[in-house]
Amino acid sequence: MAMKSFVEVSAESHFPLQNLPYGVFKPESGSLPRPGVAIGEFVLDLSEISSAGLFSGPILNGSDCFNQPTLNKFLEMGRPAWKEARATIQKLLSESEPTLRDNTNLKQKALIPMSKVEMLVPMTIGDYTDFFSSMHHAKNCGIMFRGPENAINLNWYYLPIAYHGRASSVVISGTDIVRPRGQGPPSGNSPPYFGPSRKLDFELEMAAVVGPGNELGKPIDVNNAADHIFGLVLLNDWSARDIQGWEYVPLGPFLGKSFGTTISPWIVTLDALGPFACDAPKQDPPPMPYLTEKTSNNYDIQLEVQLKPAGQDPCVVTKSNFRHLYWTVTQQLAHHTINGCNLRPGDLLGTGTISGPEPDSLGCLLEQTWNGQKPLSLNGTSRTFLEDGDEVIFTGVCKGNGYNVGFGTCSGKILPSPQ
Ligand SMILES: O=C(O)/C=C/C(=O)CC(=O)CC(=O)O
Ligand SMILES: [Ca+2]
Ligand SMILES: [Mg+2]
């Protein structure tokens, strides 16, 4: 069945009726934040749809989950509510359904041009964890820092490595990123330095948004983990490599990462991604029983990074794919809870940098320039690490038969450090 909306959706759009990603927006600068769904070049205001009584299914009827400034309440309700909402919205927006199509007054209120709205971080993020799940990324970093013999530590093959990130500095796409200051490593006989980071980098990642959480002490089974994941966003784990390199032994990343993490505004649901599921890479050694999945899936999501120096055209610097992840997001989530740690609705689980096997599929400048040793040329100029004024733009898209299920963009521009 070819699904079509009465809202015009171009063939290249990331947001056809098959997608319906969720975000939170303000229609005007003074108005209250509310949940919305993207359709073509419009945002459907779910608070208006809800107030009009159009969520009439058994779970959502009478619920105030769409009269909220964040998605947390809806996230907590879980897959049955998500499925009901998706079915209701898909029907309301479809070409053959008159309820909204022929209600000029409601359409006027509920369908707002995307260009007019302000997007916000769509959920309160209690905790943010960042994994390290691409073997290509782990191997490249390992060769750089430890040499080819010890590139990947033995533990990497047995468990999805992660560190606890900083939730307070997760920002929405379009937010400027101030170059962090901090300590960098000594070189030769000189002592460590302090100042603006000299090795500011991006990391191409995606992240899972947690739905229902788990009680403290009650792990989530890996085969039920998908029911605890609402959907995915693009994520840029901005990284100051000099600060990170000097501080991260022995406890891991701290100030080299916590100054900013950017996410894309639209959460693409696992339901929308379903048709793009693909086999995850074979794992050798086989994972322990608590990490063994009946089916181990990734998604075929084409990822691209553009770098736009100030006043110049953007230049594509990376093409990668979510399918390259070794540890799946469901394994990450199960591992996260196996010790009894509780996840909560709205928690964010970053995948780690998604590098692929090809030289043009490396997910950060650290790898692309081999820690600054091989500058990258960008039509007429070059980069080792990011400069002030540089803008980094991620996109992600699943290519369907005649339609896309996309993530839009995740962007941020580097501002100079304070004096
Ligand atoms: O392998 C190492 O010792 C270091 C790895 C990194 O620096 C990569 C990194 O920043 C982790 C991440 O992807 O967030
Ligand atoms: Ca990272
Ligand atoms: Mg970060």
# chains A, B, ... in the order shown; residues from 1 in each chain; ligands from 1
$ residues_near_ligand --ligand "ligand 3" --cutoff "9 Å" --atoms "only C-alpha atoms and all ligand atoms" --output "PyMOL selection string"
chain A and resi 130+165-166+169-170+202-203+235-240+255-262
$ write_last_selection --atoms "N, CA, C and O atoms" --output "PDB file, in the first residue's frame"
ATOM      1  N   ASP A 130      27.522   7.255  26.842  1.00  0.00           N
ATOM      2  CA  ASP A 130      28.073   7.169  25.491  1.00  0.00           C
ATOM      3  C   ASP A 130      28.880   5.883  25.334  1.00  0.00           C
ATOM      4  O   ASP A 130      29.832   5.646  26.077  1.00  0.00           O
ATOM      5  N   GLY A 165      28.220  10.092  30.332  1.00  0.00           N
ATOM      6  CA  GLY A 165      28.352  11.441  29.780  1.00  0.00           C
ATOM      7  C   GLY A 165      27.619  12.440  30.656  1.00  0.00           C
ATOM      8  O   GLY A 165      27.160  12.121  31.752  1.00  0.00           O
ATOM      9  N   ARG A 166      27.526  13.637  30.148  1.00  0.00           N
ATOM     10  CA  ARG A 166      26.937  14.744  30.892  1.00  0.00           C
ATOM     11  C   ARG A 166      25.620  15.131  30.235  1.00  0.00           C
ATOM     12  O   ARG A 166      25.602  15.572  29.081  1.00  0.00           O
ATOM     13  N   SER A 169      24.564  19.270  29.328  1.00  0.00           N
ATOM     14  CA  SER A 169      25.076  20.025  28.179  1.00  0.00           C
ATOM     15  C   SER A 169      24.664  19.414  26.838  1.00  0.00           C
ATOM     16  O   SER A 169      25.254  19.721  25.803  1.00  0.00           O
ATOM     17  N   VAL A 170      23.637  18.575  26.848  1.00  0.00           N
ATOM     18  CA  VAL A 170      23.079  18.095  25.575  1.00  0.00           C
ATOM     19  C   VAL A 170      22.200  19.214  25.012  1.00  0.00           C
ATOM     20  O   VAL A 170      21.300  19.705  25.705  1.00  0.00           O
ATOM     21  N   PHE A 202      34.575  16.581  16.006  1.00  0.00           N
ATOM     22  CA  PHE A 202      33.189  16.082  16.085  1.00  0.00           C
ATOM     23  C   PHE A 202      33.259  14.568  16.178  1.00  0.00           C
ATOM     24  O   PHE A 202      34.291  13.978  15.859  1.00  0.00           O
ATOM     25  N   GLU A 203      32.188  13.936  16.621  1.00  0.00           N
ATOM     26  CA  GLU A 203      32.057  12.489  16.514  1.00  0.00           C
ATOM     27  C   GLU A 203      30.685  12.173  15.956  1.00  0.00           C
ATOM     28  O   GLU A 203      29.663  12.543  16.548  1.00  0.00           O
ATOM     29  N   LEU A 235      23.535  12.258  16.765  1.00  0.00           N
ATOM     30  CA  LEU A 235      24.223  12.857  17.923  1.00  0.00           C
ATOM     31  C   LEU A 235      25.650  13.221  17.533  1.00  0.00           C
ATOM     32  O   LEU A 235      26.357  12.417  16.898  1.00  0.00           O
ATOM     33  N   ASN A 236      26.056  14.427  17.893  1.00  0.00           N
ATOM     34  CA  ASN A 236      27.445  14.851  17.712  1.00  0.00           C
ATOM     35  C   ASN A 236      28.097  14.973  19.088  1.00  0.00           C
ATOM     36  O   ASN A 236      27.760  15.870  19.857  1.00  0.00           O
ATOM     37  N   ASP A 237      28.998  14.041  19.373  1.00  0.00           N
ATOM     38  CA  ASP A 237      29.734  14.069  20.644  1.00  0.00           C
ATOM     39  C   ASP A 237      31.000  14.899  20.420  1.00  0.00           C
ATOM     40  O   ASP A 237      32.084  14.372  20.188  1.00  0.00           O
ATOM     41  N   TRP A 238      30.826  16.228  20.478  1.00  0.00           N
ATOM     42  CA  TRP A 238      31.972  17.136  20.319  1.00  0.00           C
ATOM     43  C   TRP A 238      33.060  16.713  21.292  1.00  0.00           C
ATOM     44  O   TRP A 238      32.772  16.457  22.471  1.00  0.00           O
ATOM     45  N   SER A 239      34.289  16.654  20.830  1.00  0.00           N
ATOM     46  CA  SER A 239      35.373  16.112  21.651  1.00  0.00           C
ATOM     47  C   SER A 239      36.627  16.957  21.500  1.00  0.00           C
ATOM     48  O   SER A 239      37.078  17.208  20.382  1.00  0.00           O
ATOM     49  N   ALA A 240      37.169  17.390  22.629  1.00  0.00           N
ATOM     50  CA  ALA A 240      38.434  18.133  22.627  1.00  0.00           C
ATOM     51  C   ALA A 240      39.541  17.121  22.862  1.00  0.00           C
ATOM     52  O   ALA A 240      39.752  16.659  23.987  1.00  0.00           O
ATOM     53  N   LEU A 255      36.182  16.441  30.991  1.00  0.00           N
ATOM     54  CA  LEU A 255      35.951  17.778  30.437  1.00  0.00           C
ATOM     55  C   LEU A 255      36.199  17.852  28.930  1.00  0.00           C
ATOM     56  O   LEU A 255      35.774  18.809  28.281  1.00  0.00           O
ATOM     57  N   GLY A 256      36.853  16.847  28.396  1.00  0.00           N
ATOM     58  CA  GLY A 256      37.088  16.809  26.947  1.00  0.00           C
ATOM     59  C   GLY A 256      35.819  16.521  26.162  1.00  0.00           C
ATOM     60  O   GLY A 256      35.804  16.617  24.927  1.00  0.00           O
ATOM     61  N   LYS A 257      34.750  16.134  26.871  1.00  0.00           N
ATOM     62  CA  LYS A 257      33.491  15.784  26.199  1.00  0.00           C
ATOM     63  C   LYS A 257      32.292  16.553  26.743  1.00  0.00           C
ATOM     64  O   LYS A 257      31.285  16.689  26.057  1.00  0.00           O
ATOM     65  N   SER A 258      32.369  17.010  28.002  1.00  0.00           N
ATOM     66  CA  SER A 258      31.156  17.461  28.698  1.00  0.00           C
ATOM     67  C   SER A 258      30.762  18.901  28.395  1.00  0.00           C
ATOM     68  O   SER A 258      29.795  19.402  28.961  1.00  0.00           O
ATOM     69  N   PHE A 259      31.476  19.560  27.489  1.00  0.00           N
ATOM     70  CA  PHE A 259      31.154  20.969  27.185  1.00  0.00           C
ATOM     71  C   PHE A 259      30.019  21.090  26.170  1.00  0.00           C
ATOM     72  O   PHE A 259      29.504  22.198  25.959  1.00  0.00           O
ATOM     73  N   GLY A 260      29.604  19.991  25.556  1.00  0.00           N
ATOM     74  CA  GLY A 260      28.507  20.094  24.589  1.00  0.00           C
ATOM     75  C   GLY A 260      28.323  18.820  23.800  1.00  0.00           C
ATOM     76  O   GLY A 260      29.306  18.193  23.385  1.00  0.00           O
ATOM     77  N   THR A 261      27.074  18.431  23.626  1.00  0.00           N
ATOM     78  CA  THR A 261      26.711  17.276  22.804  1.00  0.00           C
ATOM     79  C   THR A 261      25.448  17.691  22.080  1.00  0.00           C
ATOM     80  O   THR A 261      24.495  18.143  22.715  1.00  0.00           O
ATOM     81  N   THR A 262      25.453  17.591  20.757  1.00  0.00           N
ATOM     82  CA  THR A 262      24.307  18.079  19.979  1.00  0.00           C
ATOM     83  C   THR A 262      23.450  16.910  19.495  1.00  0.00           C
ATOM     84  O   THR A 262      23.998  15.917  19.014  1.00  0.00           O
TER      85      THR A 262
END
$ residues_near_ligand --ligand "ligand 1" --cutoff "6 Å" --atoms "only C-alpha atoms and all ligand atoms" --output "list in words"
Phe132, Ala138, Cys141, Gly142, Gly352 and Thr353 of chain A
$ residues_around --residues "Glu247 (chain A)" --least-positions-apart "5" --cutoff "12 Å" --atoms "only C-alpha atoms" --output "number ranges by chain"
A: 182-186, 192, 240-242, 252-257
$ write_last_selection --atoms "C-alpha atoms" --output "JSON list (two decimals), in the first residue's frame"
[["chain", "number", "residue", "atom", "x", "y", "z"],
["A", 182, "GLY", "CA", 41.29, 23.24, 29.42],
["A", 183, "GLN", "CA", 44.56, 21.49, 30.00],
["A", 184, "GLY", "CA", 46.43, 19.85, 27.17],
["A", 185, "PRO", "CA", 49.21, 17.28, 27.42],
["A", 186, "PRO", "CA", 52.89, 18.14, 27.86],
["A", 192, "PRO", "CA", 50.98, 20.74, 30.21],
["A", 240, "ALA", "CA", 38.43, 18.13, 22.63],
["A", 241, "ARG", "CA", 41.14, 15.59, 21.86],
["A", 242, "ASP", "CA", 43.94, 17.41, 23.67],
["A", 252, "GLY", "CA", 37.82, 8.06, 31.23],
["A", 253, "PRO", "CA", 36.54, 11.13, 29.38],
["A", 254, "PHE", "CA", 35.50, 14.14, 31.49],
["A", 255, "LEU", "CA", 35.95, 17.78, 30.44],
["A", 256, "GLY", "CA", 37.09, 16.81, 26.95],
["A", 257, "LYS", "CA", 33.49, 15.78, 26.20]]
$ closest_residue --among "A:Glu76, A:Glu97, A:Asp221, A:Asp388" --to "Leu291 (chain A)" --atoms "only C-alpha atoms"
A:Asp221
$ select_by_dssp --residues "region 18-139 of chain A" --states "helix (DSSP H, G or I)" --output "ChimeraX atom specification"
/A:46-51,72-77,79-93,98-101,104-110,114-116,135-139
$ atom_distance --atom1 "CA of Thr70 (chain A)" --atom2 "CA of Phe322 (chain A)"
26.7 Å
$ residues_around --residues "Leu348 (chain A)" --least-positions-apart "3" --cutoff "7 Å" --atoms "only C-alpha atoms" --output "list in words"
Ile125, Asp127, Tyr128, Thr129, Ala207, Ala208, Val209 and Val210 of chain A
$ closest_residue --among "A:His137, A:Arg79, A:His14, A:Lys109" --to "ligand 2" --atoms "only C-alpha atoms and all ligand atoms"
A:His137
